[in-house]
Amino acid sequence: MNTHHLRAVKTGVLKAVATPLKLGRRIQTWQVQTFNDDQITSNSTVSLLNTTLDS
């Protein structure tokens, strides 16, 4: 996981939007952007390993 915090937030509601960048069979990579009042507050890239595959 790699996150860049772009703007501090002290009050309000945060909204996160996750967009898949690569959906492989075992590894997935997602971009997650967090917003407060339609202003971006952070940007993250997350890689996940799928361990629930059938043998």
# chains A, B, ... in the order shown; residues from 1 in each chain; ligands from 1
call {"tool": "residues_around", "arguments": {"residues": "Leu6 in chain A", "least_positions_apart": "4", "cutoff": "12 Å", "atoms": "only C-alpha atoms", "output": "list in words"}}
result
Gln33, Thr34, Phe35, Asn36, Gln39, Ile40, Thr41, Ser42, Asn43 and Ser44 of chain A
call {"tool": "residues_around", "arguments": {"residues": "Val32 in chain A", "least_positions_apart": "6", "cutoff": "10 Å", "atoms": "only C-alpha atoms", "output": "MDAnalysis selection string"}}
result
chainID A and resid 3 16:20 42:46
call {"tool": "write_last_selection", "arguments": {"atoms": "C-alpha atoms", "output": "mmCIF file, in the first residue's frame"}}
result
data_model
loop_
_atom_site.group_PDB
_atom_site.id
_atom_site.type_symbol
_atom_site.label_atom_id
_atom_site.label_comp_id
_atom_site.auth_asym_id
_atom_site.auth_seq_id
_atom_site.Cartn_x
_atom_site.Cartn_y
_atom_site.Cartn_z
ATOM 1 C CA THR A 3 -0.624 6.541 0.209
ATOM 2 C CA ALA A 16 -13.527 6.880 -0.853
ATOM 3 C CA VAL A 17 -13.671 5.747 -4.479
ATOM 4 C CA ALA A 18 -11.808 2.544 -5.425
ATOM 5 C CA THR A 19 -10.966 1.874 -9.079
ATOM 6 C CA PRO A 20 -9.354 -1.372 -10.243
ATOM 7 C CA SER A 42 -5.499 11.381 -0.361
ATOM 8 C CA ASN A 43 -4.513 9.036 -3.153
ATOM 9 C CA SER A 44 -3.556 5.391 -2.545
ATOM 10 C CA THR A 45 -2.439 2.397 -4.557
ATOM 11 C CA VAL A 46 -3.243 -0.972 -2.984
#
call {"tool": "closest_residue", "arguments": {"among": "A:Thr51, A:Gly12, A:Asp37, A:His5", "to": "Arg25 in chain A", "atoms": "only C-alpha atoms"}}
result
A:Thr51
call {"tool": "atom_distance", "arguments": {"atom1": "CA of Arg26 in chain A", "atom2": "CA of His4 in chain A"}}
result
25.6 Å
call {"tool": "decode", "arguments": {"residues": "range 37-51 of chain A", "atoms": "all heavy atoms", "output": "mmCIF file, in the first residue's frame"}}
result
data_model
loop_
_atom_site.group_PDB
_atom_site.id
_atom_site.type_symbol
_atom_site.label_atom_id
_atom_site.label_comp_id
_atom_site.auth_asym_id
_atom_site.auth_seq_id
_atom_site.Cartn_x
_atom_site.Cartn_y
_atom_site.Cartn_z
ATOM 1 N N ASP A 37 -15.868 17.022 0.589
ATOM 2 C CA ASP A 37 -16.497 18.146 -0.122
ATOM 3 C C ASP A 37 -15.957 18.283 -1.539
ATOM 4 O O ASP A 37 -15.612 19.371 -1.996
ATOM 5 C CB ASP A 37 -16.305 19.452 0.643
ATOM 6 C CG ASP A 37 -16.993 19.441 1.994
ATOM 7 O OD1 ASP A 37 -18.034 18.755 2.113
ATOM 8 O OD2 ASP A 37 -16.491 20.102 2.912
ATOM 9 N N ASP A 38 -15.859 17.172 -2.256
ATOM 10 C CA ASP A 38 -15.403 17.124 -3.646
ATOM 11 C C ASP A 38 -13.952 17.561 -3.848
ATOM 12 O O ASP A 38 -13.529 17.824 -4.966
ATOM 13 C CB ASP A 38 -16.332 17.935 -4.557
ATOM 14 C CG ASP A 38 -17.731 17.341 -4.618
ATOM 15 O OD1 ASP A 38 -17.849 16.104 -4.526
ATOM 16 O OD2 ASP A 38 -18.695 18.113 -4.752
ATOM 17 N N GLN A 39 -13.164 17.660 -2.774
ATOM 18 C CA GLN A 39 -11.734 17.938 -2.888
ATOM 19 C C GLN A 39 -10.969 16.682 -2.500
ATOM 20 O O GLN A 39 -11.263 16.063 -1.471
ATOM 21 C CB GLN A 39 -11.328 19.089 -1.977
ATOM 22 C CG GLN A 39 -11.915 20.420 -2.385
ATOM 23 C CD GLN A 39 -11.389 21.555 -1.529
ATOM 24 O OE1 GLN A 39 -10.413 21.388 -0.797
ATOM 25 N NE2 GLN A 39 -12.026 22.709 -1.617
ATOM 26 N N ILE A 40 -10.001 16.305 -3.309
ATOM 27 C CA ILE A 40 -9.238 15.092 -3.014
ATOM 28 C C ILE A 40 -8.354 15.325 -1.786
ATOM 29 O O ILE A 40 -7.719 16.369 -1.651
ATOM 30 C CB ILE A 40 -8.411 14.641 -4.236
ATOM 31 C CG1 ILE A 40 -7.804 13.269 -3.979
ATOM 32 C CG2 ILE A 40 -7.374 15.661 -4.615
ATOM 33 C CD1 ILE A 40 -7.276 12.594 -5.207
ATOM 34 N N THR A 41 -8.390 14.367 -0.863
ATOM 35 C CA THR A 41 -7.599 14.475 0.360
ATOM 36 C C THR A 41 -6.448 13.475 0.402
ATOM 37 O O THR A 41 -5.455 13.719 1.073
ATOM 38 C CB THR A 41 -8.483 14.271 1.602
ATOM 39 O OG1 THR A 41 -9.064 12.967 1.552
ATOM 40 C CG2 THR A 41 -9.578 15.325 1.659
ATOM 41 N N SER A 42 -6.599 12.341 -0.286
ATOM 42 C CA SER A 42 -5.499 11.381 -0.361
ATOM 43 C C SER A 42 -5.665 10.496 -1.584
ATOM 44 O O SER A 42 -6.760 10.336 -2.127
ATOM 45 C CB SER A 42 -5.421 10.508 0.902
ATOM 46 O OG SER A 42 -6.549 9.668 0.989
ATOM 47 N N ASN A 43 -4.539 9.931 -2.003
ATOM 48 C CA ASN A 43 -4.513 9.036 -3.153
ATOM 49 C C ASN A 43 -3.677 7.818 -2.762
ATOM 50 O O ASN A 43 -2.550 7.961 -2.293
ATOM 51 C CB ASN A 43 -3.903 9.752 -4.360
ATOM 52 C CG ASN A 43 -3.987 8.925 -5.610
ATOM 53 O OD1 ASN A 43 -4.955 8.225 -5.838
ATOM 54 N ND2 ASN A 43 -2.970 9.008 -6.427
ATOM 55 N N SER A 44 -4.243 6.621 -2.940
ATOM 56 C CA SER A 44 -3.556 5.391 -2.545
ATOM 57 C C SER A 44 -3.529 4.390 -3.686
ATOM 58 O O SER A 44 -4.433 4.363 -4.527
ATOM 59 C CB SER A 44 -4.272 4.728 -1.355
ATOM 60 O OG SER A 44 -4.349 5.597 -0.269
ATOM 61 N N THR A 45 -2.502 3.557 -3.685
ATOM 62 C CA THR A 45 -2.439 2.397 -4.557
ATOM 63 C C THR A 45 -2.304 1.180 -3.644
ATOM 64 O O THR A 45 -1.438 1.140 -2.771
ATOM 65 C CB THR A 45 -1.233 2.466 -5.510
ATOM 66 O OG1 THR A 45 -1.320 3.682 -6.252
ATOM 67 C CG2 THR A 45 -1.226 1.288 -6.457
ATOM 68 N N VAL A 46 -3.188 0.205 -3.847
ATOM 69 C CA VAL A 46 -3.243 -0.972 -2.984
ATOM 70 C C VAL A 46 -3.119 -2.235 -3.839
ATOM 71 O O VAL A 46 -3.836 -2.369 -4.827
ATOM 72 C CB VAL A 46 -4.579 -1.018 -2.198
ATOM 73 C CG1 VAL A 46 -4.637 -2.213 -1.286
ATOM 74 C CG2 VAL A 46 -4.802 0.272 -1.446
ATOM 75 N N SER A 47 -2.227 -3.140 -3.460
ATOM 76 C CA SER A 47 -2.110 -4.438 -4.138
ATOM 77 C C SER A 47 -2.590 -5.518 -3.171
ATOM 78 O O SER A 47 -2.224 -5.527 -1.995
ATOM 79 C CB SER A 47 -0.663 -4.709 -4.530
ATOM 80 O OG SER A 47 -0.249 -3.791 -5.516
ATOM 81 N N LEU A 48 -3.433 -6.412 -3.701
ATOM 82 C CA LEU A 48 -4.034 -7.481 -2.901
ATOM 83 C C LEU A 48 -3.714 -8.837 -3.493
ATOM 84 O O LEU A 48 -3.672 -8.993 -4.714
ATOM 85 C CB LEU A 48 -5.558 -7.303 -2.860
ATOM 86 C CG LEU A 48 -6.080 -5.942 -2.419
ATOM 87 C CD1 LEU A 48 -7.569 -5.830 -2.685
ATOM 88 C CD2 LEU A 48 -5.779 -5.723 -0.962
ATOM 89 N N LEU A 49 -3.531 -9.826 -2.637
ATOM 90 C CA LEU A 49 -3.308 -11.202 -3.065
ATOM 91 C C LEU A 49 -4.556 -12.012 -2.770
ATOM 92 O O LEU A 49 -5.040 -12.040 -1.639
ATOM 93 C CB LEU A 49 -2.113 -11.813 -2.314
ATOM 94 C CG LEU A 49 -1.804 -13.270 -2.602
ATOM 95 C CD1 LEU A 49 -1.394 -13.455 -4.053
ATOM 96 C CD2 LEU A 49 -0.704 -13.761 -1.677
ATOM 97 N N ASN A 50 -5.113 -12.654 -3.796
ATOM 98 C CA ASN A 50 -6.296 -13.493 -3.647
ATOM 99 C C ASN A 50 -5.860 -14.884 -3.166
ATOM 100 O O ASN A 50 -5.200 -15.616 -3.894
ATOM 101 C CB ASN A 50 -7.046 -13.601 -4.962
ATOM 102 C CG ASN A 50 -8.351 -14.363 -4.820
ATOM 103 O OD1 ASN A 50 -8.656 -14.896 -3.770
ATOM 104 N ND2 ASN A 50 -9.104 -14.417 -5.901
ATOM 105 N N THR A 51 -6.215 -15.226 -1.931
ATOM 106 C CA THR A 51 -5.833 -16.518 -1.370
ATOM 107 C C THR A 51 -7.003 -17.475 -1.303
ATOM 108 O O THR A 51 -6.906 -18.543 -0.693
ATOM 109 C CB THR A 51 -5.240 -16.342 0.032
ATOM 110 O OG1 THR A 51 -6.222 -15.747 0.870
ATOM 111 C CG2 THR A 51 -4.003 -15.486 -0.004
#
